[in-house]
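*Asks:* Okay, so here is data_8.txt, and as you'll see once you scroll down, it has compact mmCIF, C-alpha atoms.
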# COMPACT_ATOMS: atom_id res chain seq x y z
CA MET A 14 84.94 94.45 124.88
CA ALA A 15 85.80 92.30 121.89
CA ASP A 16 86.18 88.54 121.82
CA LEU A 17 89.59 88.37 120.16
CA ASP A 18 89.31 84.68 119.24
CA GLU A 19 85.99 85.26 117.54
CA ILE A 20 87.28 88.27 115.60
CA LYS A 21 90.35 86.35 114.51
CA ARG A 22 88.06 83.57 113.24
CA MET A 23 85.91 86.10 111.37
CA ILE A 24 88.95 87.43 109.53
CA GLU A 25 90.23 83.93 108.82
CA ALA A 26 86.83 82.98 107.39
CA ALA A 27 86.76 86.05 105.13
CA VAL A 28 90.36 85.63 103.96
CA PRO A 29 90.89 81.90 103.58
CA GLY A 30 94.43 80.74 104.19
CA ALA A 31 95.38 83.94 105.98
CA GLU A 32 97.70 84.09 108.94
CA VAL A 33 96.04 86.44 111.39
CA GLU A 34 97.49 88.02 114.48
CA LEU A 35 95.16 90.10 116.59
CA LEU A 36 96.44 92.47 119.25
CA ASP A 37 94.60 94.40 121.91
CA GLU A 38 96.05 97.90 121.84
CA GLY A 39 94.05 99.15 124.77
CA GLY A 40 90.83 98.65 126.61
CA GLY A 41 89.87 95.52 124.73
CA ASP A 42 88.21 97.49 121.93
CA HIS A 43 91.18 99.13 120.20
CA LEU A 44 92.60 96.34 118.13
CA ARG A 45 95.34 95.77 115.59
CA ALA A 46 95.03 93.06 112.99
CA ILE A 47 98.14 91.81 111.24
CA VAL A 48 97.08 89.72 108.30
CA ALA A 49 99.22 87.87 105.79
CA ALA A 50 97.56 86.09 102.91
CA PRO A 51 98.70 84.77 99.53
CA GLN A 52 95.70 86.21 97.68
CA PHE A 53 96.67 89.77 98.71
CA ASP A 54 99.20 89.51 95.90
CA SER A 55 96.48 90.22 93.35
CA MET A 56 94.49 92.70 95.45
CA LYS A 57 94.83 96.45 95.75
CA ARG A 58 95.72 97.62 99.22
CA ILE A 59 92.39 99.30 99.64
CA ASP A 60 90.65 96.01 98.85
CA GLN A 61 92.83 94.11 101.31
CA HIS A 62 91.81 96.54 104.02
CA ARG A 63 88.17 96.45 102.92
CA ALA A 64 88.08 92.66 103.11
CA ILE A 65 89.34 92.65 106.69
CA ARG A 66 87.24 95.52 107.89
CA ASN A 67 84.09 94.14 106.31
CA ALA A 68 84.74 90.75 107.91
CA VAL A 69 84.37 92.30 111.34
CA ARG A 70 81.80 94.96 110.50
CA GLU A 71 79.21 93.41 112.83
CA ARG A 72 81.53 93.85 115.78
CA PHE A 73 81.94 97.53 114.98
CA GLU A 74 78.22 97.94 114.73
CA ASP A 75 77.51 96.27 118.06
CA GLY A 76 80.23 98.37 119.70
CA SER A 77 82.59 95.57 120.71
CA ILE A 78 85.33 97.09 118.50
CA HIS A 79 85.95 100.81 118.59
CA ALA A 80 89.09 101.06 116.47
CA LEU A 81 90.94 98.63 114.26
CA SER A 82 94.38 99.19 112.75
CA ILE A 83 95.14 96.94 109.83
CA GLU A 84 98.50 95.75 108.53
CA THR A 85 98.59 93.50 105.53
CA THR A 86 101.36 91.58 103.84
CA VAL A 87 101.44 89.12 101.01
CA LEU A 88 102.05 85.67 102.44
CA GLY A 89 104.98 83.95 100.84
CA SER A 90 106.45 87.12 99.34
CA ASP A 91 109.35 87.52 101.78
CA MET B 13 71.22 105.88 107.00
CA PRO B 14 71.11 106.41 103.23
CA ALA B 15 73.24 109.22 101.87
CA ASP B 16 71.72 112.56 100.84
CA PRO B 17 71.25 112.14 97.06
CA GLN B 18 72.14 115.75 96.30
CA LEU B 19 75.35 115.62 98.30
CA LYS B 20 76.21 112.29 96.76
CA GLU B 21 75.85 113.79 93.29
CA GLN B 22 78.09 116.72 94.25
CA VAL B 23 80.72 114.33 95.55
CA GLU B 24 80.55 112.19 92.42
CA ARG B 25 80.97 115.29 90.28
CA ALA B 26 83.94 116.49 92.34
CA ILE B 27 85.60 113.08 92.01
CA ALA B 28 84.98 113.06 88.26
CA ASP B 29 86.24 116.63 87.80
CA ASN B 30 89.45 116.28 89.81
CA PRO B 31 91.98 113.67 88.68
CA VAL B 32 93.53 113.88 92.15
CA LEU B 33 91.13 114.69 94.97
CA LEU B 34 91.67 114.56 98.70
CA PHE B 35 88.87 114.46 101.24
CA MET B 36 90.47 115.67 104.44
CA LYS B 37 89.83 117.16 107.84
CA GLY B 38 90.74 120.82 107.51
CA THR B 39 92.49 122.37 104.52
CA PRO B 40 95.93 121.78 102.97
CA ASP B 41 97.09 125.02 104.60
CA MET B 42 95.54 124.16 107.92
CA PRO B 43 94.98 120.44 108.38
CA ARG B 44 92.91 119.58 111.44
CA CYS B 45 94.01 115.98 111.78
CA GLY B 46 97.41 114.32 111.76
CA PHE B 47 96.45 111.71 109.19
CA SER B 48 95.11 114.36 106.80
CA MET B 49 98.27 116.39 107.32
CA ARG B 50 100.42 113.41 106.39
CA VAL B 51 98.56 112.83 103.11
CA VAL B 52 98.92 116.53 102.24
CA GLY B 53 102.64 116.10 102.94
CA VAL B 54 102.83 113.16 100.56
CA LEU B 55 101.03 115.04 97.80
CA GLU B 56 103.31 118.04 98.26
CA GLN B 57 106.30 115.75 98.13
CA VAL B 58 105.30 114.18 94.82
CA GLY B 59 104.43 117.66 93.58
CA VAL B 60 101.12 116.82 92.00
CA GLU B 61 98.19 119.18 91.59
CA TYR B 62 95.21 118.13 93.63
CA GLY B 63 91.83 119.26 94.79
CA ALA B 64 90.95 119.16 98.48
CA ILE B 65 87.62 119.02 100.24
CA ASP B 66 87.29 119.75 103.94
CA VAL B 67 84.93 117.12 105.36
CA LEU B 68 84.54 118.66 108.80
CA PRO B 69 81.57 120.93 108.00
CA ALA B 70 79.55 117.88 106.91
CA LEU B 71 81.37 114.94 108.43
CA GLN B 72 78.51 112.51 109.00
CA PRO B 73 76.67 113.20 105.70
CA LEU B 74 79.94 112.78 103.80
CA ARG B 75 80.67 109.54 105.66
CA GLU B 76 77.33 108.23 104.44
CA VAL B 77 78.17 109.28 100.88
CA THR B 78 81.63 107.68 100.80
CA THR B 79 80.24 104.54 102.41
CA GLU B 80 77.87 104.20 99.48
CA LEU B 81 80.35 105.25 96.81
CA SER B 82 83.52 103.59 98.00
CA ASP B 83 82.66 101.34 100.93
CA TRP B 84 84.94 103.48 103.09
CA GLN B 85 84.02 105.61 106.09
CA THR B 86 87.13 107.19 107.49
CA PHE B 87 88.96 110.30 106.35
CA PRO B 88 91.33 111.25 104.77
CA GLN B 89 90.49 109.58 101.47
CA LEU B 90 92.56 110.06 98.34
CA TYR B 91 90.91 109.56 94.96
CA VAL B 92 92.94 109.26 91.78
CA ASN B 93 91.22 109.11 88.41
CA GLY B 94 87.87 108.48 90.02
CA GLU B 95 88.93 105.67 92.31
CA LEU B 96 89.62 105.51 96.01
CA VAL B 97 93.28 104.75 96.58
CA GLY B 98 93.21 104.75 100.37
CA GLY B 99 93.79 106.68 103.53
CA CYS B 100 96.97 107.89 105.15
CA ASP B 101 98.87 104.69 105.67
CA ILE B 102 98.05 103.15 102.30
CA VAL B 103 99.10 106.39 100.61
CA GLU B 104 102.37 106.53 102.56
CA GLU B 105 103.14 102.91 101.77
CA MET B 106 102.49 103.52 98.10
CA LEU B 107 104.77 106.56 98.16
CA GLU B 108 107.60 104.50 99.58
CA SER B 109 107.12 101.63 97.15
CA GLY B 110 106.92 103.94 94.14
CA GLU B 111 103.37 102.80 93.32
CA LEU B 112 101.94 106.25 94.02
CA ALA B 113 104.28 108.08 91.67
CA GLU B 114 103.49 105.50 89.02
CA LEU B 115 99.75 105.89 89.56
CA LEU B 116 100.04 109.68 89.37
CA GLY B 117 102.34 109.57 86.38
CA VAL B 118 105.11 111.55 88.08
CA GLU B 119 108.75 110.93 88.91
CA GLN B 120 109.41 109.18 92.20
CA PRO B 121 110.59 111.94 94.58
CA ALA B 122 114.16 111.54 95.76
CA ASP B 123 113.50 111.54 99.47
CA THR B 124 110.80 109.11 100.49
CA ALA B 125 112.08 108.15 103.92
CA ALA B 126 109.66 105.95 105.79
CA PRO B 127 107.73 107.65 108.55
CA GLU B 128 108.44 106.55 112.11
CA ALA B 129 105.56 104.12 112.32
CA HIS B 130 106.76 102.09 109.37
CA ARG B 131 110.40 101.83 110.21
CA ILE B 132 109.80 99.49 113.09
CA LEU B 133 107.95 97.03 110.90
CA PRO B 134 110.02 94.62 108.88
CA GLY B 135 109.00 93.78 105.35
CA GLY B 136 107.05 96.95 104.61
CA SER B 137 103.79 96.24 106.35
CA GLN B 138 100.76 98.25 105.36
CA GLN B 139 98.95 100.05 108.10
CA SER B 140 95.66 101.85 108.31
CA PRO B 141 94.74 104.57 110.69
CA PRO B 142 92.32 103.10 113.17
CA MET B 143 88.79 103.07 111.92
CA GLN B 144 86.68 104.99 114.37
CA VAL B 145 82.97 104.64 114.78
CA GLU B 146 81.26 107.25 116.84
Show me, as structure tokens, the structure contained in the file I just sent.
*Replies:*
Amino acid sequence: MADLDEIKRMIEAAVPGAEVELLDEGGGDHLRAIVAAPQFDSMKRIDQHRAIRNAVRERFEDGSIHALSIETTVLGSD
Amino acid sequence: MPADPQLKEQVERAIADNPVLLFMKGTPDMPRCGFSMRVVGVLEQVGVEYGAIDVLPALQPLREVTTELSDWQTFPQLYVNGELVGGCDIVEEMLESGELAELLGVEQPADTAAPEAHRILPGGSQQSPPMQVE
């Protein structure tokens, strides 16, 4: 069971200035992170996803997250 | 756990030898996972030649190798010119945006309709298949 507020803070800390929405897609350990950040503009998609996943790696390792879907957008691009 | 050095070397060689290389579950003719099947579909659509490696016979050892090489643990993984591009959803997004055709140096295929999952998202969001840790 993941602490959604904590995980949101972990992503925000790793991607400063990001707007993060975190959804529980089932059971409290299947999560979806929707992250918009201005600096994604200069990052490859794979690196955007890496940054988010690595930010919460500890919570994968301790079992509080089982699956994480990631959606990224460039903040300010729309 | 550190990756098997011999396997790691084999993987590095395969990535170096194949300009377009897909690590997938199953084979292009018989994919064993929906995400792998979708990436095969994308590659067929752009009509590029590619190598494919079935990860299922050595799933965990290969996970350890790709973690060390590319900081990525889930499959499928598409490599182009020696670099990890992404998994299913990144590849599909890049097909739709034209980035994939550009990267592969081919013409953008005519029909690149967005798959179901993307159509509901405004603004072309980029999705990843869930990362699973057993």
*Asks:* Please determine, counting all atoms listed in the file, which residue among A:Ala68, A:Val28, A:Ala15, A:Leu81 has the shortest atom-to-atom distance to chain B.
*Replies:* A:Leu81
*Asks:* Quick one, how far is CA of Asp83 in chain B from CA of Ser48 in chain B?
*Replies:*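 Separation of CA of Asp83 in chain B and CA of Ser48 in chain B: 18.9 Å.
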*Asks:* With only C-alpha atoms as the atoms that count, which of A:Gln52, A:Phe73, A:Arg63, A:Leu35 lies nearest to Met14 in chain A?
*Replies:*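 Comparing A:Gln52, A:Phe73, A:Arg63, A:Leu35 against Met14 in chain A, the winner is A:Phe73.
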*Asks:* Kindly provide, as a count of residues only, the residues of chain A having any atom no farther than 7 Å from an atom of chain B, counting all atoms listed in the file.
*Replies:* 10
*Asks:* Counting only C-alpha atoms, which residues have an atom no more than 10 Å from (83.7, 86.1, 112.0) in the file's coordinates? Please list them as a tab-separated table (two decimals) with C-alpha atoms, in the coordinates of the input.
*Replies:*
chain	number	residue	atom	x	y	z
A	18	ASP	CA	89.31	84.68	119.24
A	19	GLU	CA	85.99	85.26	117.54
A	20	ILE	CA	87.28	88.27	115.60
A	21	LYS	CA	90.35	86.35	114.51
A	22	ARG	CA	88.06	83.57	113.24
A	23	MET	CA	85.91	86.10	111.37
A	24	ILE	CA	88.95	87.43	109.53
A	25	GLU	CA	90.23	83.93	108.82
A	26	ALA	CA	86.83	82.98	107.39
A	27	ALA	CA	86.76	86.05	105.13
A	67	ASN	CA	84.09	94.14	106.31
A	68	ALA	CA	84.74	90.75	107.91
A	69	VAL	CA	84.37	92.30	111.34
A	70	ARG	CA	81.80	94.96	110.50
A	71	GLU	CA	79.21	93.41	112.83
A	72	ARG	CA	81.53	93.85	115.78
*Asks:* Just checking: using all atoms listed in the file, which residue out of B:Val60, B:Val51, B:Val77, B:Leu68 ends up closest to Gln120 in chain B?
*Replies:*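 Answer, going by the shortest atom-to-atom distance: B:Val60.
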*Asks:* Between CA of Pro40 in chain B and CA of His43 in chain A, what is the distance in Å, rounded to a tenth?
*Replies:*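 Distance between the two atoms: 28.9 Å.
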*Asks:* Suppose you want the space between CA of Asp66 in chain B and CA of Gly38 in chain B; what is it in Å?
*Replies:*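 These two atoms are separated by 5.1 Å.
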*Asks:* Point out the residue among B:Glu104, B:Asp16, B:Gly110, B:Leu71 with the least atom-to-atom distance to Val54 in chain B, counting only C-alpha atoms.
*Replies:*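 Once distances to Val54 in chain B are computed over only C-alpha atoms, the minimum belongs to B:Glu104.
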*Asks:* Go through B:Leu81, B:Leu107, B:Ala15, B:Leu112 and flag the residue nearest Glu95 in chain B, using all atoms listed in the file for the distances.
*Replies:*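 Going through B:Leu81, B:Leu107, B:Ala15, B:Leu112 one by one, the smallest distance to Glu95 in chain B is for B:Leu81.
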*Asks:* Hey, which of A:Leu17, A:Ile47, A:Leu88, A:Ile78 ends up closest to Gly30 in chain A? Count only C-alpha atoms.
*Replies:*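 Going through A:Leu17, A:Ile47, A:Leu88, A:Ile78 one by one, the smallest distance to Gly30 in chain A is for A:Leu88.
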